[in-house]
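Dumped coords01.pdb below, it's PDB, C-alpha atoms:
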ATOM      1  CA  MET A   1     117.697  91.218 124.352
ATOM      2  CA  ARG A   2     114.706  93.099 123.015
ATOM      3  CA  VAL A   3     114.405  93.698 119.280
ATOM      4  CA  LEU A   4     112.072  95.726 117.067
ATOM      5  CA  LEU A   5     111.545  94.320 113.567
ATOM      6  CA  VAL A   6     110.346  96.705 110.831
ATOM      7  CA  ASP A   7     109.367  95.456 107.381
ATOM      8  CA  ASP A   8     106.243  96.053 105.286
ATOM      9  CA  GLU A   9     105.926  92.306 104.702
ATOM     10  CA  LYS A  10     103.765  91.266 107.649
ATOM     11  CA  GLU A  11     104.217  87.533 107.069
ATOM     12  CA  LEU A  12     107.969  88.000 107.145
ATOM     13  CA  VAL A  13     108.319  90.039 110.345
ATOM     14  CA  SER A  14     105.664  88.183 112.301
ATOM     15  CA  THR A  15     107.248  84.793 111.545
ATOM     16  CA  LEU A  16     110.751  86.085 112.179
ATOM     17  CA  ALA A  17     109.576  87.494 115.530
ATOM     18  CA  GLU A  18     108.121  84.129 116.494
ATOM     19  CA  ARG A  19     111.339  82.319 115.558
ATOM     20  CA  LEU A  20     113.398  84.789 117.589
ATOM     21  CA  SER A  21     111.119  84.377 120.594
ATOM     22  CA  LEU A  22     111.582  80.583 120.378
ATOM     23  CA  ARG A  23     115.296  81.344 120.816
ATOM     24  CA  GLY A  24     114.711  83.492 123.890
ATOM     25  CA  ILE A  25     114.824  86.882 122.193
ATOM     26  CA  GLU A  26     111.950  89.249 122.862
ATOM     27  CA  ALA A  27     110.808  90.554 119.489
ATOM     28  CA  ASP A  28     108.132  93.093 118.539
ATOM     29  CA  TRP A  29     107.254  93.763 114.921
ATOM     30  CA  VAL A  30     105.596  96.533 112.907
ATOM     31  CA  THR A  31     104.949  97.033 109.193
ATOM     32  CA  ASP A  32     104.682 100.812 109.177
ATOM     33  CA  VAL A  33     107.237 103.521 109.904
ATOM     34  CA  ASN A  34     104.841 105.527 112.083
ATOM     35  CA  ASP A  35     104.117 102.447 114.188
ATOM     36  CA  ALA A  36     107.867 101.947 114.590
ATOM     37  CA  LEU A  37     108.263 105.508 115.849
ATOM     38  CA  GLU A  38     105.365 105.039 118.275
ATOM     39  CA  LYS A  39     106.773 101.738 119.546
ATOM     40  CA  VAL A  40     110.043 103.290 120.701
ATOM     41  CA  ASP A  41     108.056 105.893 122.642
ATOM     42  CA  THR A  42     106.521 103.172 124.758
ATOM     43  CA  ARG A  43     109.272 100.554 124.988
ATOM     44  CA  THR A  44     113.042 100.403 125.064
ATOM     45  CA  TYR A  45     114.738  98.218 122.470
ATOM     46  CA  ASP A  46     118.330  97.075 122.327
ATOM     47  CA  ILE A  47     118.276  96.806 118.568
ATOM     48  CA  ALA A  48     116.056  97.479 115.555
ATOM     49  CA  VAL A  49     116.173  95.337 112.440
ATOM     50  CA  LEU A  50     114.988  97.427 109.504
ATOM     51  CA  ASP A  51     114.226  96.713 105.874
ATOM     52  CA  VAL A  52     116.143  99.138 103.677
ATOM     53  CA  LYS A  53     113.075  99.830 101.563
ATOM     54  CA  ILE A  54     109.804 100.430 103.360
ATOM     55  CA  PRO A  55     106.809 102.483 102.259
ATOM     56  CA  LYS A  56     106.762 106.239 102.865
ATOM     57  CA  MET A  57     110.315 106.438 104.209
ATOM     58  CA  SER A  58     113.608 104.667 103.528
ATOM     59  CA  GLY A  59     115.034 102.426 106.243
ATOM     60  CA  ILE A  60     117.953 104.834 106.500
ATOM     61  CA  GLU A  61     115.661 107.809 107.189
ATOM     62  CA  LEU A  62     113.786 105.730 109.745
ATOM     63  CA  LYS A  63     117.089 104.815 111.421
ATOM     64  CA  LYS A  64     117.896 108.515 111.833
ATOM     65  CA  LYS A  65     114.484 109.228 113.391
ATOM     66  CA  LEU A  66     114.676 106.242 115.721
ATOM     67  CA  GLU A  67     118.222 107.175 116.750
ATOM     68  CA  LYS A  68     116.961 110.593 117.862
ATOM     69  CA  LYS A  69     114.299 109.003 120.044
ATOM     70  CA  SER A  70     116.451 106.180 121.323
ATOM     71  CA  PRO A  71     120.160 107.078 121.109
ATOM     72  CA  ASN A  72     121.385 103.813 122.596
ATOM     73  CA  MET A  73     119.527 101.587 120.176
ATOM     74  CA  LYS A  74     121.625  99.643 117.647
ATOM     75  CA  PHE A  75     120.612  98.975 114.049
ATOM     76  CA  LEU A  76     120.803  96.210 111.547
ATOM     77  CA  PHE A  77     119.475  96.264 108.002
ATOM     78  CA  MET A  78     117.831  93.619 105.859
ATOM     79  CA  THR A  79     117.607  94.008 102.117
ATOM     80  CA  GLY A  80     115.907  92.414  99.181
ATOM     81  CA  HIS A  81     118.433  93.928  96.766
ATOM     82  CA  GLY A  82     119.092  91.304  94.158
ATOM     83  CA  SER A  83     122.709  91.568  93.114
ATOM     84  CA  GLU A  84     126.060  91.721  94.851
ATOM     85  CA  ASN A  85     126.593  95.238  93.451
ATOM     86  CA  ASP A  86     123.210  96.410  94.724
ATOM     87  CA  PHE A  87     124.036  94.859  98.060
ATOM     88  CA  LYS A  88     127.389  96.683  98.332
ATOM     89  CA  ALA A  89     125.749  99.946  97.271
ATOM     90  CA  GLY A  90     123.146  99.427  99.964
ATOM     91  CA  VAL A  91     125.772  98.842 102.630
ATOM     92  CA  ALA A  92     127.515 102.071 101.683
ATOM     93  CA  GLU A  93     124.239 103.997 101.563
ATOM     94  CA  ALA A  94     123.080 102.738 104.939
ATOM     95  CA  GLY A  95     126.387 103.375 106.610
ATOM     96  CA  ALA A  96     125.652 100.157 108.456
ATOM     97  CA  GLU A  97     128.180  97.664 109.633
ATOM     98  CA  TYR A  98     125.674  94.845 109.703
ATOM     99  CA  TYR A  99     123.606  94.290 106.652
ATOM    100  CA  LEU A 100     121.865  91.070 105.766
ATOM    101  CA  PRO A 101     120.467  89.981 102.406
ATOM    102  CA  LYS A 102     117.029  88.364 102.316
ATOM    103  CA  PRO A 103     116.235  85.549 102.860
ATOM    104  CA  VAL A 104     117.879  86.000 106.247
ATOM    105  CA  ASN A 105     119.590  83.097 108.014
ATOM    106  CA  ILE A 106     118.235  83.364 111.564
ATOM    107  CA  GLU A 107     121.408  82.104 113.236
ATOM    108  CA  VAL A 108     123.479  84.686 111.343
ATOM    109  CA  LEU A 109     120.911  87.365 112.249
ATOM    110  CA  ILE A 110     121.161  86.499 115.956
ATOM    111  CA  GLU A 111     124.970  86.473 115.795
ATOM    112  CA  LYS A 112     124.978  89.939 114.160
ATOM    113  CA  MET A 113     122.442  91.235 116.684
ATOM    114  CA  HIS A 114     124.657  90.104 119.563
ATOM    115  CA  LYS A 115     127.753  91.627 117.965
ATOM    116  CA  ALA A 116     125.980  94.925 117.393
ATOM    117  CA  THR A 117     124.596  95.181 120.912
ATOM    118  CA  GLU A 118     127.895  94.194 122.538
ATOM    119  CA  LYS A 119     129.586  97.291 121.055
TER     120      LYS A 119
ATOM    121  CA  MET B   1     114.944 110.881  63.941
ATOM    122  CA  SER B   2     118.044 109.034  65.097
ATOM    123  CA  ALA B   3     118.365 111.336  68.118
ATOM    124  CA  GLN B   4     114.731 110.573  68.984
ATOM    125  CA  TRP B   5     115.356 106.837  68.808
ATOM    126  CA  ASP B   6     118.407 107.271  71.006
ATOM    127  CA  ILE B   7     116.151 108.892  73.619
ATOM    128  CA  ILE B   8     113.545 106.158  73.207
ATOM    129  CA  SER B   9     116.191 103.435  73.554
ATOM    130  CA  GLN B  10     117.738 105.046  76.605
ATOM    131  CA  GLN B  11     114.320 105.541  78.168
ATOM    132  CA  GLY B  12     113.429 101.946  77.357
ATOM    133  CA  TYR B  13     116.530 100.590  79.107
ATOM    134  CA  GLN B  14     115.763 102.692  82.180
ATOM    135  CA  PHE B  15     112.155 101.522  82.210
ATOM    136  CA  PHE B  16     113.131  97.877  81.809
ATOM    137  CA  GLY B  17     115.757  98.227  84.553
ATOM    138  CA  LYS B  18     113.367  99.934  86.952
ATOM    139  CA  MET B  19     110.672  97.291  86.517
ATOM    140  CA  SER B  20     113.136  94.378  86.678
ATOM    141  CA  ALA B  21     114.710  95.694  89.890
ATOM    142  CA  SER B  22     111.311  96.127  91.525
ATOM    143  CA  ILE B  23     110.178  92.669  90.448
ATOM    144  CA  SER B  24     113.380  90.995  91.653
ATOM    145  CA  HIS B  25     112.959  92.758  94.998
ATOM    146  CA  GLU B  26     109.427  91.439  95.300
ATOM    147  CA  ILE B  27     110.530  87.906  94.426
ATOM    148  CA  LYS B  28     113.230  88.178  97.099
ATOM    149  CA  ASN B  29     110.582  89.171  99.647
ATOM    150  CA  THR B  30     108.440  86.212  98.661
ATOM    151  CA  LEU B  31     111.389  83.844  99.027
ATOM    152  CA  ALA B  32     112.212  85.398 102.397
ATOM    153  CA  ILE B  33     108.685  84.701 103.671
ATOM    154  CA  ILE B  34     108.818  81.119 102.407
ATOM    155  CA  SER B  35     112.199  80.729 104.071
ATOM    156  CA  GLU B  36     110.914  82.017 107.440
ATOM    157  CA  ASN B  37     107.839  79.806 107.357
ATOM    158  CA  VAL B  38     109.861  76.718 106.462
ATOM    159  CA  GLY B  39     112.347  77.746 109.157
ATOM    160  CA  LEU B  40     109.544  77.907 111.709
ATOM    161  CA  LEU B  41     108.346  74.490 110.561
ATOM    162  CA  GLN B  42     111.870  73.152 111.151
ATOM    163  CA  ASP B  43     111.869  74.776 114.599
ATOM    164  CA  PHE B  44     108.628  72.947 115.451
ATOM    165  CA  LEU B  45     110.057  69.645 114.163
ATOM    166  CA  ALA B  46     113.185  70.134 116.270
ATOM    167  CA  MET B  47     110.982  70.798 119.304
ATOM    168  CA  ALA B  48     108.913  67.693 118.498
ATOM    169  CA  GLU B  49     112.100  65.625 118.494
ATOM    170  CA  LYS B  50     112.624  66.826 122.046
ATOM    171  CA  GLY B  51     109.127  65.734 123.061
ATOM    172  CA  LYS B  52     106.888  68.751 122.415
ATOM    173  CA  PRO B  53     103.822  67.558 120.479
ATOM    174  CA  LEU B  54     103.250  69.010 117.004
ATOM    175  CA  ASP B  55     100.290  71.361 116.634
ATOM    176  CA  GLN B  56      98.546  70.121 113.471
ATOM    177  CA  LYS B  57      96.524  73.315 113.039
ATOM    178  CA  ARG B  58      99.697  75.336 113.150
ATOM    179  CA  LEU B  59     101.384  73.056 110.614
ATOM    180  CA  ARG B  60      98.414  73.395 108.261
ATOM    181  CA  SER B  61      98.489  77.169 108.633
ATOM    182  CA  LEU B  62     102.211  77.253 107.861
ATOM    183  CA  SER B  63     101.818  75.117 104.757
ATOM    184  CA  GLU B  64      98.995  77.390 103.561
ATOM    185  CA  LYS B  65     101.183  80.438 104.049
ATOM    186  CA  VAL B  66     103.926  78.833 101.993
ATOM    187  CA  MET B  67     101.428  78.000  99.237
ATOM    188  CA  ASP B  68     100.145  81.609  99.294
ATOM    189  CA  GLN B  69     103.673  82.853  98.697
ATOM    190  CA  VAL B  70     104.283  80.303  95.937
ATOM    191  CA  ARG B  71     101.128  81.598  94.212
ATOM    192  CA  ARG B  72     102.285  85.175  94.741
ATOM    193  CA  ALA B  73     105.710  84.392  93.253
ATOM    194  CA  ASP B  74     104.078  82.619  90.331
ATOM    195  CA  HIS B  75     101.967  85.704  89.635
ATOM    196  CA  ILE B  76     105.024  87.977  89.828
ATOM    197  CA  VAL B  77     107.024  85.774  87.455
ATOM    198  CA  ARG B  78     104.100  85.600  85.006
ATOM    199  CA  ASP B  79     103.964  89.404  85.023
ATOM    200  CA  LEU B  80     107.709  89.553  84.436
ATOM    201  CA  ASN B  81     107.425  87.124  81.546
ATOM    202  CA  ARG B  82     104.601  89.107  79.983
ATOM    203  CA  PHE B  83     106.533  92.337  80.448
ATOM    204  CA  ALA B  84     109.630  90.855  78.767
ATOM    205  CA  HIS B  85     107.533  89.698  75.808
ATOM    206  CA  SER B  86     105.970  93.129  75.353
ATOM    207  CA  ALA B  87     109.144  94.106  73.490
ATOM    208  CA  ASP B  88     108.690  91.283  70.951
ATOM    209  CA  GLU B  89     106.710  93.160  68.309
ATOM    210  CA  ALA B  90     106.945  96.703  66.948
ATOM    211  CA  VAL B  91     103.206  96.923  66.325
ATOM    212  CA  THR B  92     100.462  94.647  67.544
ATOM    213  CA  SER B  93      96.925  94.705  68.978
ATOM    214  CA  VAL B  94      96.821  95.963  72.542
ATOM    215  CA  ASP B  95      93.790  96.019  74.819
ATOM    216  CA  VAL B  96      94.411  99.285  76.652
ATOM    217  CA  THR B  97      92.243  98.282  79.623
ATOM    218  CA  ASP B  98      94.160  95.041  80.035
ATOM    219  CA  MET B  99      97.525  96.803  79.619
ATOM    220  CA  VAL B 100      96.674  99.388  82.295
ATOM    221  CA  ARG B 101      95.559  96.657  84.696
ATOM    222  CA  PHE B 102      98.777  94.746  83.973
ATOM    223  CA  LEU B 103     101.025  97.782  84.388
ATOM    224  CA  SER B 104      99.275  98.709  87.643
ATOM    225  CA  SER B 105      99.997  95.219  88.933
ATOM    226  CA  LEU B 106     103.612  95.510  87.782
ATOM    227  CA  CYS B 107     104.024  98.893  89.492
ATOM    228  CA  ARG B 108     102.099  98.026  92.658
ATOM    229  CA  ARG B 109     105.234  97.785  94.774
ATOM    230  CA  LEU B 110     106.804 100.953  93.364
ATOM    231  CA  ALA B 111     103.568 102.788  94.151
ATOM    232  CA  SER B 112     103.317 101.252  97.604
ATOM    233  CA  MET B 113     106.875 102.423  98.414
ATOM    234  CA  ARG B 114     105.635 105.952  97.760
ATOM    235  CA  GLY B 115     102.551 105.355  99.900
ATOM    236  CA  ILE B 116     100.302 105.433  96.813
ATOM    237  CA  THR B 117      97.438 103.086  95.951
ATOM    238  CA  LEU B 118      96.830 102.506  92.249
ATOM    239  CA  ASP B 119      93.177 102.096  91.313
ATOM    240  CA  PRO B 120      92.751 101.044  87.674
ATOM    241  CA  LYS B 121      89.176 101.455  86.468
ATOM    242  CA  PRO B 122      88.763  99.279  83.391
ATOM    243  CA  SER B 123      86.400  99.944  80.532
ATOM    244  CA  SER B 124      83.447  97.561  80.406
ATOM    245  CA  LYS B 125      84.452  96.603  76.853
ATOM    246  CA  PRO B 126      87.914  95.809  75.438
ATOM    247  CA  LEU B 127      89.653  98.907  74.056
ATOM    248  CA  THR B 128      91.832  97.463  71.350
ATOM    249  CA  ILE B 129      94.315  99.599  69.474
ATOM    250  CA  GLU B 130      97.225  98.826  67.167
ATOM    251  CA  THR B 131     100.435 100.132  68.690
ATOM    252  CA  ASN B 132     103.921  99.377  69.973
ATOM    253  CA  PRO B 133     103.198  97.659  73.313
ATOM    254  CA  PHE B 134     106.564  98.292  74.960
ATOM    255  CA  LEU B 135     106.649 101.988  74.076
ATOM    256  CA  LEU B 136     103.075 102.348  75.275
ATOM    257  CA  GLU B 137     103.895 100.676  78.599
ATOM    258  CA  ASN B 138     106.895 102.983  78.928
ATOM    259  CA  LEU B 139     104.797 106.071  78.230
ATOM    260  CA  VAL B 140     102.064 105.020  80.659
ATOM    261  CA  TRP B 141     104.713 104.322  83.310
ATOM    262  CA  LEU B 142     106.193 107.833  82.859
ATOM    263  CA  CYS B 143     102.692 109.293  83.262
ATOM    264  CA  LEU B 144     102.133 107.138  86.363
ATOM    265  CA  ASP B 145     105.522 108.138  87.765
ATOM    266  CA  PHE B 146     104.643 111.814  87.432
ATOM    267  CA  ALA B 147     101.026 111.361  88.566
ATOM    268  CA  MET B 148     102.102 109.525  91.731
ATOM    269  CA  ASP B 149     103.860 112.698  92.829
ATOM    270  CA  ALA B 150     100.706 114.697  92.117
ATOM    271  CA  THR B 151      98.117 112.841  94.199
ATOM    272  CA  GLY B 152      98.424 115.292  97.068
ATOM    273  CA  GLU B 153      97.173 114.031 100.397
ATOM    274  CA  GLU B 154      94.777 111.576  98.740
ATOM    275  CA  ASN B 155      97.588 109.094  98.058
ATOM    276  CA  LYS B 156      95.308 107.336  95.591
ATOM    277  CA  LEU B 157      95.630 107.376  91.841
ATOM    278  CA  SER B 158      92.672 106.338  89.708
ATOM    279  CA  ILE B 159      93.389 105.311  86.135
ATOM    280  CA  ILE B 160      90.339 105.367  83.908
ATOM    281  CA  CYS B 161      90.339 103.711  80.485
ATOM    282  CA  GLU B 162      87.691 104.796  77.982
ATOM    283  CA  LYS B 163      86.930 104.894  74.307
ATOM    284  CA  ALA B 164      88.018 107.979  72.395
ATOM    285  CA  GLN B 165      86.700 109.165  69.055
ATOM    286  CA  ARG B 166      89.472 107.394  67.120
ATOM    287  CA  GLY B 167      91.154 105.164  69.640
ATOM    288  CA  ALA B 168      91.408 105.052  73.413
ATOM    289  CA  ARG B 169      91.930 107.417  76.276
ATOM    290  CA  ILE B 170      93.664 106.876  79.632
ATOM    291  CA  ARG B 171      92.844 109.394  82.359
ATOM    292  CA  PHE B 172      94.978 109.704  85.472
ATOM    293  CA  THR B 173      92.568 111.313  87.907
ATOM    294  CA  GLY B 174      92.291 112.555  91.472
ATOM    295  CA  LEU B 175      95.532 114.519  91.199
ATOM    296  CA  LYS B 176      94.954 116.957  94.045
ATOM    297  CA  GLY B 177      98.566 118.058  93.927
ATOM    298  CA  LEU B 178      98.729 118.462  90.146
ATOM    299  CA  ARG B 179      99.075 122.233  90.141
ATOM    300  CA  ALA B 180     102.058 122.077  92.491
ATOM    301  CA  ALA B 181     103.588 119.089  90.689
ATOM    302  CA  SER B 182     103.191 120.819  87.315
ATOM    303  CA  ALA B 183     105.858 123.257  88.434
ATOM    304  CA  THR B 184     108.262 120.491  87.377
ATOM    305  CA  ILE B 185     108.559 120.032  83.640
ATOM    306  CA  PHE B 186     105.897 117.654  82.392
ATOM    307  CA  PRO B 187     105.715 116.385  79.781
ATOM    308  CA  ASP B 188     109.510 116.339  79.669
ATOM    309  CA  ASN B 189     111.509 115.473  76.570
ATOM    310  CA  PRO B 190     111.396 111.646  76.865
ATOM    311  CA  VAL B 191     107.605 111.804  77.259
ATOM    312  CA  LYS B 192     107.317 114.125  74.258
ATOM    313  CA  VAL B 193     109.442 111.798  72.132
ATOM    314  CA  LEU B 194     107.338 108.776  73.135
ATOM    315  CA  LEU B 195     104.144 110.710  72.444
ATOM    316  CA  GLN B 196     105.414 111.506  68.975
ATOM    317  CA  ALA B 197     106.526 107.918  68.321
ATOM    318  CA  LEU B 198     103.098 106.607  69.357
ATOM    319  CA  GLU B 199     101.217 109.475  67.668
ATOM    320  CA  ALA B 200      99.566 110.079  71.010
ATOM    321  CA  GLU B 201      98.471 113.269  72.752
ATOM    322  CA  LEU B 202      98.771 114.343  76.360
ATOM    323  CA  HIS B 203      96.725 116.927  78.140
ATOM    324  CA  VAL B 204      97.459 118.197  81.655
ATOM    325  CA  ASP B 205      94.351 119.772  83.187
ATOM    326  CA  ASN B 206      95.091 121.516  86.481
ATOM    327  CA  GLU B 207      91.430 122.514  86.975
ATOM    328  CA  ALA B 208      90.080 118.975  86.531
ATOM    329  CA  GLU B 209      93.106 117.640  88.438
ATOM    330  CA  GLU B 210      93.838 115.028  85.811
ATOM    331  CA  ILE B 211      96.141 114.024  82.992
ATOM    332  CA  THR B 212      94.666 112.579  79.818
ATOM    333  CA  LEU B 213      96.572 110.412  77.394
ATOM    334  CA  THR B 214      94.829 109.939  74.045
ATOM    335  CA  LEU B 215      95.990 107.057  71.847
ATOM    336  CA  PRO B 216      95.206 106.512  68.164
ATOM    337  CA  GLY B 217      93.356 103.367  67.146
ATOM    338  CA  ASN B 218      95.938 102.518  64.538
ATOM    339  CA  ARG B 219      99.550 103.485  64.469
ATOM    340  CA  ALA B 220     101.625 103.016  61.331
ATOM    341  CA  PRO B 221     104.610 100.672  61.899
TER     342      PRO B 221
END
Render the structure in this file as structure tokens.
Amino acid sequence: MRVLLVDDEKELVSTLAERLSLRGIEADWVTDVNDALEKVDTRTYDIAVLDVKIPKMSGIELKKKLEKKSPNMKFLFMTGHGSENDFKAGVAEAGAEYYLPKPVNIEVLIEKMHKATEK
Amino acid sequence: MSAQWDIISQQGYQFFGKMSASISHEIKNTLAIISENVGLLQDFLAMAEKGKPLDQKRLRSLSEKVMDQVRRADHIVRDLNRFAHSADEAVTSVDVTDMVRFLSSLCRRLASMRGITLDPKPSSKPLTIETNPFLLENLVWLCLDFAMDATGEENKLSIICEKAQRGARIRFTGLKGLRAASATIFPDNPVKVLLQALEAELHVDNEAEEITLTLPGNRAP
């Protein structure tokens, strides 16, 4: 499986990518929406893991743009929303089946990634 | 007067909510980074148990990253604490330069989400005025919120603090998109009510591409 991680927190995505690679998952990471759009022009990803709130563009807008470029790519969102209500609102807003609150449990993340890509 | 205070109260709740949500989001991010770094450390320990030697340099680097995030979280929580206490007193001494620097730090993430860099330019000397600190922070935030939409392609907002004849002045400069942004109503009613409550004045200058907020040195309680 090949995954693209997008979050403006460099320390978060770079470490998460390393942990995924230790588990046999090929992971690229970017901190900028434009870099994410460029990445999918050059490589094919099975899934993108996006932060809901990233500079310049919401994760949901980015999902729409990435979907146009790569229709087969699946999506999963991460969020730093604090409360349960915020979290539920975010799920509804994203229209995403898989939505993980930060801090992310890596085993849960991998399980959700597999479920999403098996569909 | 009561209607004005209703607006001020409502505005205050919104301001407090907006800042608190942003701060909690930033704390969550910090915790997430700590969690990933500790997780990676655990991964290395698990690998060591299976015979792969530990890389001491890597361990040191990981522990430094965790400490960086602990410092970052500490700074965020200190800002939150200071912000919460700004509602303690109706009138007190406020160093405008320090308040602008503080508010810029508090709003850094909100600005960054809009692709804007805040560049506070402090006065070389303290600019102390007597005012309501929470209402002033709220008013400056509303000016920042508007100004961030008026930076044009520059995406940089400079905030200059300087002495005025009878108080202090805050200038939001470099607003290349001010003329276009001024098509929206600014100052709107909440800003006008806060200006009146703080006995402050606001000037929008499309030619100079800046907004100037002038604050009195002393405001009656």
Original post:
What residues in chain A lie within 9 Å of chain B, counting all atoms listed in the file, written as a VMD selection string?
Top reply: chain A and resid 9 11 to 13 15 to 16 18 to 19 22 53 to 58 79 to 82 102 to 106
Subject >> Distance query A:Lys63 at most 8 Å, all atoms listed in the file, self and fewer than 3 positions along chain excluded, as a ChimeraX atom specification >> reply: /A:50,59-60,66-67,75
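Nearest to B:Pro122 of all the residues B:Arg179, B:His75, B:Arg108, B:Arg171 is B:Arg171, counting all atoms listed in the file.
Residues matched by the PyMOL selection byres ((chain A and resi 33) around 9) in this file: Val6, Asp7, Asp8, Val30, Thr31, Asp32, Asn34, Asp35, Ala36, Leu37, Glu38, Ile54, Pro55, Lys56, Met57, Gly59 and Leu62 of chain A.
Applied to the shown file, the PyMOL selection byres ((chain B and resi 134) around 9) selects the residues B:Gly12, B:Phe83, B:Ala84, B:His85, B:Ser86, B:Ala87, B:Asp88, B:Glu89, B:Ala90, B:Thr131, B:Asn132, B:Pro133, B:Leu135, B:Leu136, B:Glu137, B:Asn138, B:Leu139.
Counting from atom CA of B:Cys161, the distance to atom CA of B:Lys121 is 6.5 Å.
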For A:Glu26, please output as a CSV table (one decimal) with C-alpha atoms, keeping the file's coordinate frame all residues within 7 Å (counting all atoms listed in the file; exclusion window: fewer than 6 positions along the same chain).
chain,number,residue,atom,x,y,z
A,1,MET,CA,117.7,91.2,124.4
A,2,ARG,CA,114.7,93.1,123.0
A,3,VAL,CA,114.4,93.7,119.3
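Between atom CA of A:Leu4 and atom CA of A:Ser21 lies a distance of 11.9 Å.
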**OP:** Tell me which protein, DNA and RNA residues are within 7 Å of B:Ile159, counting only C-alpha atoms, leaving out same-chain ones fewer than 4 positions away, and put them as a ChimeraX atom specification.
**Re:** /B:119-121,170-173
**OP:** Take the point (116.1, 99.5, 126.2) in the file's coordinates, draw a sphere of radius 8 Å around it, and report as a PyMOL selection string every protein, DNA or RNA residue with an atom inside or on it, counting all atoms listed in the file.
**Re:** chain A and resi 2+43-46+72-73
